[in-house]
$ cat coords35.txt   # compact mmCIF, C-alpha atoms
# COMPACT_ATOMS: atom_id res chain seq x y z
CA GLN A 1 -115.73 167.17 53.84
CA ASP A 2 -113.46 167.36 56.88
CA GLU A 3 -111.22 164.73 55.30
CA CYS A 4 -111.12 166.73 52.06
CA LYS A 5 -110.12 169.92 53.88
CA ALA A 6 -107.48 168.09 55.90
CA ARG A 7 -106.03 166.49 52.76
CA TYR A 8 -105.75 169.87 51.04
CA ASP A 9 -104.02 171.40 54.06
CA ASP A 10 -101.61 168.47 54.28
CA ILE A 11 -100.69 168.69 50.59
CA GLU A 12 -100.14 172.45 50.76
CA ARG A 13 -98.05 172.12 53.93
CA THR A 14 -95.90 169.41 52.33
CA LEU A 15 -95.24 171.54 49.25
CA VAL A 16 -94.40 174.68 51.22
CA GLN A 17 -92.00 172.74 53.46
CA ALA A 18 -90.34 171.07 50.46
CA ASP A 19 -89.96 174.43 48.75
CA ALA A 20 -88.41 175.96 51.89
CA GLN A 21 -86.00 173.01 52.16
CA TRP A 22 -85.01 173.44 48.52
CA ARG A 23 -84.46 177.17 48.97
CA ILE A 24 -82.17 176.49 51.95
CA LEU A 25 -80.08 174.23 49.70
CA GLU A 26 -79.97 176.94 47.02
CA GLU A 27 -78.86 179.56 49.55
CA GLN A 28 -76.15 177.28 50.93
CA LEU A 29 -74.69 176.60 47.48
CA GLU A 30 -74.94 180.26 46.46
CA ALA A 31 -73.20 181.34 49.68
CA THR A 32 -70.42 178.81 49.05
CA GLU A 33 -70.08 180.15 45.51
CA GLU A 34 -69.84 183.74 46.78
CA THR A 35 -67.23 182.85 49.41
CA PHE A 36 -65.09 180.90 46.97
CA LEU A 37 -65.24 183.52 44.21
CA MET A 38 -64.36 186.45 46.46
CA GLY A 39 -61.76 184.44 48.38
CA ARG A 40 -59.85 183.72 45.15
CA LEU A 41 -59.94 187.30 43.86
CA ASP A 42 -56.13 187.59 43.72
CA SER A 43 -55.96 184.43 41.61
CA TRP A 44 -58.64 185.67 39.21
CA LYS A 45 -56.72 188.94 38.81
CA LYS A 46 -53.48 187.09 38.15
CA TRP A 47 -54.82 184.45 35.78
CA PHE A 48 -57.62 186.26 33.96
CA SER A 49 -57.07 189.98 34.68
CA LEU A 50 -60.47 190.10 36.35
CA SER A 51 -61.39 193.05 38.53
CA GLU A 52 -63.39 193.00 41.74
CA GLY A 53 -66.11 194.97 39.95
CA GLU A 54 -66.66 192.14 37.49
CA LEU A 55 -67.51 189.87 40.39
CA SER A 56 -70.32 192.24 41.39
CA GLN A 57 -72.03 192.55 38.02
CA TRP A 58 -75.14 190.46 37.38
CA ALA A 59 -76.09 191.63 33.90
CA GLU A 60 -76.94 189.11 31.19
CA GLY A 61 -73.73 187.58 29.88
CA SER A 62 -71.70 188.70 32.91
CA LEU A 63 -69.31 186.42 34.76
CA ARG A 64 -71.53 186.18 37.85
CA GLN A 65 -74.59 185.37 35.79
CA HIS A 66 -72.64 182.70 33.90
CA VAL A 67 -71.27 181.10 37.09
CA ARG A 68 -74.67 181.12 38.83
CA SER A 69 -76.34 179.61 35.79
CA ARG A 70 -73.73 176.85 35.63
CA LEU A 71 -74.10 176.19 39.37
CA HIS A 72 -77.85 175.80 39.12
CA GLY A 73 -77.67 173.77 35.94
CA LEU A 74 -75.04 171.24 36.98
CA LEU A 75 -75.87 170.79 40.66
CA LEU A 76 -79.43 171.86 41.40
CA GLY A 77 -80.66 171.11 37.89
CA THR A 78 -79.53 167.51 38.12
CA LEU A 79 -81.27 167.00 41.47
CA ALA A 80 -84.40 168.79 40.27
CA GLY A 81 -84.49 166.52 37.21
CA ARG A 82 -84.41 163.43 39.39
CA MET A 83 -87.19 164.90 41.54
CA ALA A 84 -89.37 165.58 38.50
CA THR A 85 -88.84 162.02 37.25
CA GLN A 86 -89.67 160.42 40.60
CA VAL A 87 -92.64 162.65 41.38
CA GLY A 88 -93.98 162.28 37.86
CA ILE A 89 -95.19 165.83 37.33
CA THR A 90 -94.71 167.78 34.11
CA PRO A 91 -93.65 171.41 34.74
CA PRO A 92 -96.55 173.80 34.11
CA PRO A 93 -96.61 176.30 31.26
CA PRO A 94 -95.03 179.69 32.11
CA GLU A 95 -98.41 181.43 31.92
CA MET A 96 -99.74 179.30 34.82
CA LEU A 97 -96.80 180.27 37.02
CA LYS A 98 -97.22 183.92 36.02
CA GLU A 99 -100.94 183.80 36.79
CA ASP A 100 -100.26 182.27 40.19
CA ALA A 101 -97.54 184.83 40.99
CA ASP A 102 -99.65 187.77 39.79
CA SER A 103 -102.57 186.64 41.95
CA GLY A 104 -100.36 186.67 45.03
CA ASN A 105 -100.87 182.95 45.60
CA LEU A 106 -97.33 181.83 44.83
CA VAL A 107 -95.33 182.02 48.03
CA ALA A 108 -92.62 179.68 46.71
CA ARG A 109 -89.16 181.17 46.69
CA SER A 110 -87.09 178.41 45.09
CA SER A 111 -86.33 177.86 41.40
CA ASN A 112 -87.49 174.23 41.43
CA GLN A 113 -89.99 173.94 38.57
CA THR A 114 -91.55 170.74 39.93
CA LEU A 115 -92.40 172.40 43.25
CA LEU A 116 -93.52 175.60 41.55
CA GLY A 117 -95.71 173.56 39.23
CA LEU A 118 -97.35 171.60 42.02
CA LEU A 119 -97.98 174.74 44.07
CA ALA A 120 -99.36 176.57 41.04
CA HIS A 121 -101.69 173.67 40.22
CA LEU A 122 -102.82 173.37 43.82
CA ARG A 123 -103.61 177.07 44.16
CA THR A 124 -105.01 177.85 40.72
CA ALA A 125 -106.87 174.63 39.96
CA VAL A 126 -107.58 172.87 43.27
CA ARG A 127 -108.02 175.63 45.85
CA PRO A 128 -110.95 177.28 43.99
CA LEU A 129 -112.76 173.91 43.99
CA VAL A 130 -112.22 173.44 47.72
CA GLU A 131 -113.26 177.01 48.55
CA GLU A 132 -116.38 176.74 46.40
CA ALA A 133 -117.29 173.44 48.03
CA ARG A 134 -116.74 174.98 51.47
CA ARG A 135 -119.04 177.90 50.53
CA GLN A 136 -121.76 175.57 49.26
CA ASP A 137 -121.38 173.37 52.35
CA GLU A 138 -121.86 176.35 54.66
CA GLU A 139 -124.94 177.45 52.73
CA LEU A 140 -126.33 173.92 52.92
CA ALA A 141 -125.69 173.78 56.69
CA LYS A 142 -127.61 177.03 57.13
CA LYS A 143 -130.45 175.66 55.03
CA ILE A 144 -130.54 172.47 57.10
CA ARG A 145 -130.67 174.42 60.39
CA LYS A 146 -133.43 176.65 59.04
CA THR A 147 -135.45 173.66 57.81
CA GLU A 148 -135.09 171.93 61.19
CA LYS A 149 -136.19 175.08 63.00
CA ASP A 150 -139.19 175.61 60.71
CA GLU A 151 -140.27 171.97 61.09
CA ARG A 152 -140.03 172.14 64.87
CA LYS A 153 -142.33 175.17 64.83
CA LYS A 154 -144.80 173.21 62.71
CA GLY A 155 -144.56 170.23 65.03
CA VAL A 156 -142.91 168.00 62.43
CA VAL A 157 -140.71 165.59 64.35
CA ALA A 158 -138.87 162.52 63.05
CA LEU A 159 -139.02 159.21 64.87
CA GLY A 160 -136.13 158.43 67.21
CA MET A 161 -132.85 160.09 66.26
CA GLN A 162 -133.62 160.09 62.56
CA ASP A 163 -133.99 163.16 60.34
CA THR A 164 -137.19 164.24 58.68
CA LYS A 165 -137.53 163.59 54.97
CA LYS A 166 -136.67 167.18 54.05
CA VAL A 167 -133.61 167.33 56.29
CA ALA A 168 -132.42 163.90 55.13
CA ALA A 169 -132.79 164.99 51.49
CA LEU A 170 -130.72 168.11 52.16
CA LYS A 171 -127.99 166.14 53.95
CA ARG A 172 -127.71 163.78 50.98
CA GLN A 173 -126.51 166.77 48.90
CA ARG A 174 -123.33 167.17 50.99
CA PRO A 175 -121.32 164.31 49.43
CA GLU A 176 -122.12 165.67 45.96
CA ILE A 177 -120.70 169.07 46.93
CA TRP A 178 -117.34 167.56 47.89
CA GLU A 179 -117.17 164.95 45.14
CA GLU A 180 -115.15 166.97 42.59
CA PRO A 181 -112.64 168.49 45.07
CA ALA A 182 -112.10 165.04 46.61
CA ARG A 183 -111.53 163.47 43.19
CA THR A 184 -109.08 166.22 42.21
CA LEU A 185 -107.14 165.98 45.47
CA GLU A 186 -106.97 162.18 45.15
CA LYS A 187 -104.92 162.61 41.96
CA LEU A 188 -102.27 164.49 43.97
CA VAL A 189 -101.95 161.91 46.75
CA ALA A 190 -99.48 159.64 44.93
CA PRO A 191 -97.20 162.45 43.59
CA ILE A 192 -97.11 164.10 47.03
CA LYS A 193 -96.24 160.78 48.66
CA ARG A 194 -93.37 160.32 46.18
CA LEU A 195 -92.26 163.91 46.83
CA LYS A 196 -92.11 163.25 50.58
CA GLU A 197 -90.00 160.16 49.97
CA PHE A 198 -87.65 162.03 47.63
CA THR A 199 -87.08 164.99 49.93
CA LYS A 200 -86.49 162.66 52.86
CA GLU A 201 -83.99 160.47 51.00
CA ASP A 202 -82.32 162.68 48.38
CA CYS A 203 -82.56 166.16 49.91
CA ALA A 204 -81.37 165.26 53.38
CA PRO A 205 -78.35 167.29 54.58
CA ASP A 206 -76.02 164.27 54.51
CA LYS A 207 -76.96 163.63 50.87
CA THR A 208 -76.60 167.23 49.67
CA ALA A 209 -73.30 167.88 51.51
CA SER A 210 -71.41 166.65 48.44
CA PHE A 211 -73.01 169.45 46.42
CA ALA A 212 -71.27 172.11 48.53
CA ARG A 213 -67.95 170.31 48.07
CA ALA A 214 -68.46 170.37 44.29
CA VAL A 215 -69.09 174.13 44.13
CA PRO A 216 -65.40 175.16 43.78
CA VAL A 217 -64.93 172.78 40.85
CA VAL A 218 -68.03 174.13 39.09
CA VAL A 219 -67.00 177.74 39.74
CA VAL A 220 -63.43 177.32 38.43
CA ARG A 221 -64.64 175.60 35.25
CA ALA A 222 -67.32 178.26 34.73
CA VAL A 223 -64.80 181.10 35.13
CA CYS A 224 -62.42 179.45 32.64
CA ASP A 225 -65.19 178.84 30.12
CA TRP A 226 -66.46 182.41 30.43
CA TYR A 227 -62.96 183.91 30.02
CA PHE A 228 -61.94 181.84 27.01
CA GLN A 229 -65.35 182.21 25.43
CA LYS A 230 -64.67 185.97 25.33
CA SER A 231 -61.45 185.26 23.43
CA LEU A 232 -63.24 182.95 21.04
CA LEU A 233 -65.92 185.58 20.53
CA GLY A 234 -63.28 188.04 19.35
CA TYR A 235 -61.85 185.42 17.01
CA ASP A 236 -65.31 184.64 15.64
CA GLN A 237 -65.94 188.33 14.99
CA VAL A 238 -62.67 188.65 13.04
CA ALA A 239 -63.48 185.47 11.10
CA GLN A 240 -66.92 186.84 10.22
CA TRP A 241 -65.39 190.15 9.14
CA TRP A 242 -62.88 188.38 6.88
CA SER A 243 -65.59 186.20 5.34
CA GLU A 244 -67.64 189.25 4.39
CA THR A 245 -64.59 191.24 3.24
CA LYS A 246 -63.29 188.36 1.10
CA ALA A 247 -66.71 187.99 -0.57
CA THR A 248 -66.58 191.68 -1.51
CA LEU A 249 -63.00 191.46 -2.80
CA THR A 250 -63.49 188.31 -4.86
CA ALA A 251 -66.46 189.93 -6.56
CA ASP A 252 -63.84 192.05 -8.41
CA ALA A 253 -61.80 189.38 -10.19
CA GLN A 254 -59.09 191.80 -11.31
CA LEU A 255 -58.58 193.25 -7.84
CA TRP A 256 -58.52 189.82 -6.22
CA ALA A 257 -55.93 188.57 -8.72
CA ARG A 258 -53.63 191.53 -7.94
CA LEU A 259 -54.06 190.93 -4.19
CA LEU A 260 -53.12 187.28 -4.58
CA GLU A 261 -50.07 188.27 -6.64
CA GLN A 262 -48.82 190.87 -4.17
CA GLU A 263 -50.12 189.57 -0.78
CA GLY A 264 -50.74 185.90 -1.48
CA VAL A 265 -48.81 184.67 1.57
CA ILE A 266 -50.72 186.87 4.02
CA LEU A 267 -54.07 186.02 2.44
CA GLY A 268 -53.26 182.34 2.68
CA ARG A 269 -52.47 182.66 6.38
CA ILE A 270 -55.68 184.54 7.01
CA ASP A 271 -57.67 181.87 5.18
CA SER A 272 -56.03 179.12 7.22
CA GLY A 273 -56.96 180.91 10.45
$ encode --input "coords35.txt" --output "structure tokens"
Amino acid sequence: QDECKARYDDIERTLVQADAQWRILEEQLEATEETFLMGRLDSWKKWFSLSEGELSQWAEGSLRQHVRSRLHGLLLGTLAGRMATQVGITPPPPEMLKEDADSGNLVARSSNQTLLGLLAHLRTAVRPLVEEARRQDEELAKKIRKTEKDERKKGVVALGMQDTKKVAALKRQRPEIWEEPARTLEKLVAPIKRLKEFTKEDCAPDKTASFARAVPVVVVRAVCDWYFQKSLLGYDQVAQWWSETKATLTADAQLWARLLEQEGVILGRIDSG
């Protein structure tokens, strides 16, 4: 049982440390993004007519939300994908993460779904087994002490250093109590070992330094995409309006014929975009 408890503590400690290391990487990249965006404010104003206020808005569809999403997707998402492949853990369903967060168990602060999934599984599926086994073990220990005390009063003494039959029978129950938690924890040993290897090799500062250098490139491309997507959105809205308007006009054959006769050139240009 001591080995089982120690294994659980080691797994939880490894996950918490890995999550903290991942969050440090996230904060570094986000800080680099913030510095670069605000430091190029004059350029954004000149090239895209962006205001300082637009760099402070985080609503859905805003520039900041778009840039942050692109940053996480291209840089952190790629690394997280490699982690998930190497560790070999399928991200948990959203309801498991929500249950873990609502219960106050989830202390993770990063956005890494592999780490969140492992922590959620450990604390919603494994911890209850360990705690229940610990409770049963303590009750069994009390029962053993009481049995030994009662037998001493009755003068029942085992030969040598051996236990009496009753005490020996009670002690044989202990391995059964820890069997399921031990079996469940054993399934996590290999993934946790692979996680340790991944964080040591791929998440080391010298390996992730290139991510910070890539932030300006990601930010500039994200700003350009966001700006021109707004222009395309306006074009798409006009195209949709013309499609609906044309359908209404062509429904009246006489009216459409007169329009083609009088404004055929303009209509042709509109149709050609």
$ closest_residue --input "coords35.txt" --among "A:Arg7, A:Lys165, A:Arg258, A:Arg23" --to "Leu116 (chain A)" --atoms "all atoms listed in the file"
A:Arg23
$ axis_aligned_box --input "coords35.txt" --around "region 71-82 of chain A" --padding-each-side "8 Å" --output "AutoDock Vina command-line options"
--center_x -79.3 --center_y 169.8 --center_z 38.7 --size_x 26.4 --size_y 28.8 --size_z 21.5
$ closest_residue --input "coords35.txt" --among "A:Gly53, A:Pro181, A:Pro191, A:Gly61" --to "Gln86 (chain A)" --atoms "only C-alpha atoms"
A:Pro191
$ closest_residue --input "coords35.txt" --among "A:Val217, A:Lys196, A:Lys153, A:Gln17" --to "Leu71 (chain A)" --atoms "all atoms listed in the file"
A:Val217
$ closest_residue --input "coords35.txt" --among "A:Trp47, A:Arg40, A:Trp58, A:Arg123" --to "Glu12 (chain A)" --atoms "only C-alpha atoms"
A:Arg123
$ residues_around --input "coords35.txt" --residues "Val223 (chain A)" --least-positions-apart "4" --cutoff "9 Å" --atoms "all atoms listed in the file" --output "JSON list (two decimals) with C-alpha atoms, in the coordinates of the input"
[["chain", "number", "residue", "atom", "x", "y", "z"],
["A", 44, "TRP", "CA", -58.64, 185.67, 39.21],
["A", 48, "PHE", "CA", -57.62, 186.26, 33.96],
["A", 63, "LEU", "CA", -69.31, 186.42, 34.76],
["A", 64, "ARG", "CA", -71.53, 186.18, 37.85],
["A", 66, "HIS", "CA", -72.64, 182.70, 33.90],
["A", 67, "VAL", "CA", -71.27, 181.10, 37.09],
["A", 218, "VAL", "CA", -68.03, 174.13, 39.09],
["A", 219, "VAL", "CA", -67.00, 177.74, 39.74],
["A", 227, "TYR", "CA", -62.96, 183.91, 30.02],
["A", 228, "PHE", "CA", -61.94, 181.84, 27.01]]
$ residues_around --input "coords35.txt" --residues "Phe198 (chain A)" --least-positions-apart "5" --cutoff "9 Å" --atoms "all atoms listed in the file" --output "PDB file with C-alpha atoms, keeping the file's coordinate frame"
ATOM      1  CA  ARG A  82     -84.410 163.430  39.390  1.00  0.00           C
ATOM      2  CA  MET A  83     -87.190 164.900  41.540  1.00  0.00           C
ATOM      3  CA  GLN A  86     -89.670 160.420  40.600  1.00  0.00           C
ATOM      4  CA  VAL A  87     -92.640 162.650  41.380  1.00  0.00           C
ATOM      5  CA  LYS A 193     -96.240 160.780  48.660  1.00  0.00           C
ATOM      6  CA  CYS A 203     -82.560 166.160  49.910  1.00  0.00           C
TER       7      CYS A 203
END
$ atom_distance --input "coords35.txt" --atom1 "CA of Gly117 (chain A)" --atom2 "CA of Ile89 (chain A)"
8.0 Å
$ atom_distance --input "coords35.txt" --atom1 "CA of Ser111 (chain A)" --atom2 "CA of Thr78 (chain A)"
12.8 Å
$ closest_residue --input "coords35.txt" --among "A:Ala141, A:Gly77, A:Lys149, A:Val126" --to "Glu186 (chain A)" --atoms "all atoms listed in the file"
A:Val126
$ closest_residue --input "coords35.txt" --among "A:Ala247, A:Asp19, A:Glu132, A:Ala204" --to "Gln113 (chain A)" --atoms "all atoms listed in the file"
A:Asp19
$ decode --input "coords35.txt" --residues "region 4-17 of chain A" --atoms "all heavy atoms" --output "PDB file, in the first residue's frame"
ATOM      1  N   CYS A   4       1.817   1.970  -3.476  1.00  0.00           N
ATOM      2  CA  CYS A   4       0.677   2.492  -4.237  1.00  0.00           C
ATOM      3  C   CYS A   4       0.490   3.984  -3.963  1.00  0.00           C
ATOM      4  O   CYS A   4       0.294   4.782  -4.888  1.00  0.00           O
ATOM      5  CB  CYS A   4      -0.581   1.716  -3.860  1.00  0.00           C
ATOM      6  SG  CYS A   4      -1.987   2.015  -4.943  1.00  0.00           S
ATOM      7  N   LYS A   5       0.556   4.369  -2.696  1.00  0.00           N
ATOM      8  CA  LYS A   5       0.425   5.780  -2.333  1.00  0.00           C
ATOM      9  C   LYS A   5       1.554   6.605  -2.938  1.00  0.00           C
ATOM     10  O   LYS A   5       1.337   7.699  -3.462  1.00  0.00           O
ATOM     11  CB  LYS A   5       0.433   5.935  -0.809  1.00  0.00           C
ATOM     12  CG  LYS A   5      -0.733   5.279  -0.094  1.00  0.00           C
ATOM     13  CD  LYS A   5      -0.533   5.353   1.423  1.00  0.00           C
ATOM     14  CE  LYS A   5      -1.572   4.553   2.178  1.00  0.00           C
ATOM     15  NZ  LYS A   5      -1.317   4.532   3.634  1.00  0.00           N
ATOM     16  N   ALA A   6       2.777   6.071  -2.856  1.00  0.00           N
ATOM     17  CA  ALA A   6       3.928   6.793  -3.396  1.00  0.00           C
ATOM     18  C   ALA A   6       3.823   6.967  -4.904  1.00  0.00           C
ATOM     19  O   ALA A   6       4.177   8.009  -5.459  1.00  0.00           O
ATOM     20  CB  ALA A   6       5.219   6.045  -3.043  1.00  0.00           C
ATOM     21  N   ARG A   7       3.325   5.923  -5.584  1.00  0.00           N
ATOM     22  CA  ARG A   7       3.170   6.001  -7.040  1.00  0.00           C
ATOM     23  C   ARG A   7       2.146   7.062  -7.421  1.00  0.00           C
ATOM     24  O   ARG A   7       2.354   7.820  -8.357  1.00  0.00           O
ATOM     25  CB  ARG A   7       2.757   4.635  -7.586  1.00  0.00           C
ATOM     26  CG  ARG A   7       2.496   4.623  -9.079  1.00  0.00           C
ATOM     27  CD  ARG A   7       2.355   3.209  -9.603  1.00  0.00           C
ATOM     28  NE  ARG A   7       3.648   2.552  -9.661  1.00  0.00           N
ATOM     29  CZ  ARG A   7       3.820   1.293 -10.089  1.00  0.00           C
ATOM     30  NH1 ARG A   7       2.766   0.574 -10.455  1.00  0.00           N
ATOM     31  NH2 ARG A   7       5.016   0.765 -10.143  1.00  0.00           N
ATOM     32  N   TYR A   8       1.038   7.107  -6.687  1.00  0.00           N
ATOM     33  CA  TYR A   8       0.026   8.131  -6.970  1.00  0.00           C
ATOM     34  C   TYR A   8       0.608   9.527  -6.784  1.00  0.00           C
ATOM     35  O   TYR A   8       0.433  10.407  -7.641  1.00  0.00           O
ATOM     36  CB  TYR A   8      -1.191   7.957  -6.062  1.00  0.00           C
ATOM     37  CG  TYR A   8      -2.225   9.050  -6.251  1.00  0.00           C
ATOM     38  CD1 TYR A   8      -3.235   8.914  -7.201  1.00  0.00           C
ATOM     39  CD2 TYR A   8      -2.175  10.236  -5.512  1.00  0.00           C
ATOM     40  CE1 TYR A   8      -4.164   9.917  -7.404  1.00  0.00           C
ATOM     41  CE2 TYR A   8      -3.094  11.244  -5.714  1.00  0.00           C
ATOM     42  CZ  TYR A   8      -4.091  11.076  -6.658  1.00  0.00           C
ATOM     43  OH  TYR A   8      -5.003  12.091  -6.869  1.00  0.00           O
ATOM     44  N   ASP A   9       1.307   9.743  -5.682  1.00  0.00           N
ATOM     45  CA  ASP A   9       1.898  11.058  -5.405  1.00  0.00           C
ATOM     46  C   ASP A   9       2.905  11.449  -6.481  1.00  0.00           C
ATOM     47  O   ASP A   9       2.967  12.608  -6.897  1.00  0.00           O
ATOM     48  CB  ASP A   9       2.573  11.066  -4.032  1.00  0.00           C
ATOM     49  CG  ASP A   9       1.565  10.954  -2.887  1.00  0.00           C
ATOM     50  OD1 ASP A   9       0.379  11.262  -3.123  1.00  0.00           O
ATOM     51  OD2 ASP A   9       1.973  10.550  -1.781  1.00  0.00           O
ATOM     52  N   ASP A  10       3.686  10.476  -6.949  1.00  0.00           N
ATOM     53  CA  ASP A  10       4.691  10.755  -7.975  1.00  0.00           C
ATOM     54  C   ASP A  10       4.030  11.136  -9.290  1.00  0.00           C
ATOM     55  O   ASP A  10       4.468  12.073  -9.971  1.00  0.00           O
ATOM     56  CB  ASP A  10       5.583   9.533  -8.168  1.00  0.00           C
ATOM     57  CG  ASP A  10       6.628   9.761  -9.253  1.00  0.00           C
ATOM     58  OD1 ASP A  10       7.492  10.651  -9.077  1.00  0.00           O
ATOM     59  OD2 ASP A  10       6.567   9.070 -10.292  1.00  0.00           O
ATOM     60  N   ILE A  11       2.974  10.428  -9.655  1.00  0.00           N
ATOM     61  CA  ILE A  11       2.260  10.728 -10.904  1.00  0.00           C
ATOM     62  C   ILE A  11       1.633  12.115 -10.843  1.00  0.00           C
ATOM     63  O   ILE A  11       1.739  12.909 -11.778  1.00  0.00           O
ATOM     64  CB  ILE A  11       1.186   9.652 -11.178  1.00  0.00           C
ATOM     65  CG1 ILE A  11       1.854   8.331 -11.546  1.00  0.00           C
ATOM     66  CG2 ILE A  11       0.241  10.100 -12.289  1.00  0.00           C
ATOM     67  CD1 ILE A  11       0.889   7.167 -11.698  1.00  0.00           C
ATOM     68  N   GLU A  12       0.977  12.419  -9.720  1.00  0.00           N
ATOM     69  CA  GLU A  12       0.335  13.725  -9.590  1.00  0.00           C
ATOM     70  C   GLU A  12       1.377  14.842  -9.620  1.00  0.00           C
ATOM     71  O   GLU A  12       1.183  15.874 -10.272  1.00  0.00           O
ATOM     72  CB  GLU A  12      -0.464  13.795  -8.291  1.00  0.00           C
ATOM     73  CG  GLU A  12      -1.229  15.113  -8.137  1.00  0.00           C
ATOM     74  CD  GLU A  12      -2.124  15.112  -6.917  1.00  0.00           C
ATOM     75  OE1 GLU A  12      -1.644  14.691  -5.841  1.00  0.00           O
ATOM     76  OE2 GLU A  12      -3.282  15.522  -7.027  1.00  0.00           O
ATOM     77  N   ARG A  13       2.494  14.644  -8.935  1.00  0.00           N
ATOM     78  CA  ARG A  13       3.555  15.647  -8.912  1.00  0.00           C
ATOM     79  C   ARG A  13       4.127  15.877 -10.325  1.00  0.00           C
ATOM     80  O   ARG A  13       4.356  17.016 -10.724  1.00  0.00           O
ATOM     81  CB  ARG A  13       4.661  15.197  -7.952  1.00  0.00           C
ATOM     82  CG  ARG A  13       5.794  16.205  -7.786  1.00  0.00           C
ATOM     83  CD  ARG A  13       6.675  15.858  -6.605  1.00  0.00           C
ATOM     84  NE  ARG A  13       7.136  14.480  -6.656  1.00  0.00           N
ATOM     85  CZ  ARG A  13       6.692  13.513  -5.846  1.00  0.00           C
ATOM     86  NH1 ARG A  13       5.776  13.777  -4.931  1.00  0.00           N
ATOM     87  NH2 ARG A  13       7.167  12.277  -5.945  1.00  0.00           N
ATOM     88  N   THR A  14       4.305  14.805 -11.069  1.00  0.00           N
ATOM     89  CA  THR A  14       4.823  14.917 -12.441  1.00  0.00           C
ATOM     90  C   THR A  14       3.875  15.722 -13.318  1.00  0.00           C
ATOM     91  O   THR A  14       4.302  16.591 -14.090  1.00  0.00           O
ATOM     92  CB  THR A  14       5.020  13.519 -13.052  1.00  0.00           C
ATOM     93  OG1 THR A  14       5.986  12.801 -12.286  1.00  0.00           O
ATOM     94  CG2 THR A  14       5.500  13.623 -14.488  1.00  0.00           C
ATOM     95  N   LEU A  15       2.577  15.455 -13.195  1.00  0.00           N
ATOM     96  CA  LEU A  15       1.588  16.154 -14.021  1.00  0.00           C
ATOM     97  C   LEU A  15       1.498  17.636 -13.657  1.00  0.00           C
ATOM     98  O   LEU A  15       1.409  18.496 -14.535  1.00  0.00           O
ATOM     99  CB  LEU A  15       0.215  15.484 -13.869  1.00  0.00           C
ATOM    100  CG  LEU A  15       0.073  14.104 -14.514  1.00  0.00           C
ATOM    101  CD1 LEU A  15      -1.277  13.487 -14.169  1.00  0.00           C
ATOM    102  CD2 LEU A  15       0.225  14.204 -16.026  1.00  0.00           C
ATOM    103  N   VAL A  16       1.508  17.929 -12.375  1.00  0.00           N
ATOM    104  CA  VAL A  16       1.425  19.326 -11.939  1.00  0.00           C
ATOM    105  C   VAL A  16       2.657  20.104 -12.403  1.00  0.00           C
ATOM    106  O   VAL A  16       2.551  21.245 -12.865  1.00  0.00           O
ATOM    107  CB  VAL A  16       1.276  19.400 -10.401  1.00  0.00           C
ATOM    108  CG1 VAL A  16       1.433  20.838  -9.915  1.00  0.00           C
ATOM    109  CG2 VAL A  16      -0.088  18.853  -9.981  1.00  0.00           C
ATOM    110  N   GLN A  17       3.823  19.488 -12.300  1.00  0.00           N
ATOM    111  CA  GLN A  17       5.051  20.153 -12.744  1.00  0.00           C
ATOM    112  C   GLN A  17       5.049  20.360 -14.258  1.00  0.00           C
ATOM    113  O   GLN A  17       5.466  21.421 -14.745  1.00  0.00           O
ATOM    114  CB  GLN A  17       6.272  19.325 -12.326  1.00  0.00           C
ATOM    115  CG  GLN A  17       6.536  19.339 -10.831  1.00  0.00           C
ATOM    116  CD  GLN A  17       7.651  18.386 -10.422  1.00  0.00           C
ATOM    117  OE1 GLN A  17       8.096  17.546 -11.218  1.00  0.00           O
ATOM    118  NE2 GLN A  17       8.090  18.491  -9.178  1.00  0.00           N
TER     119      GLN A  17
END
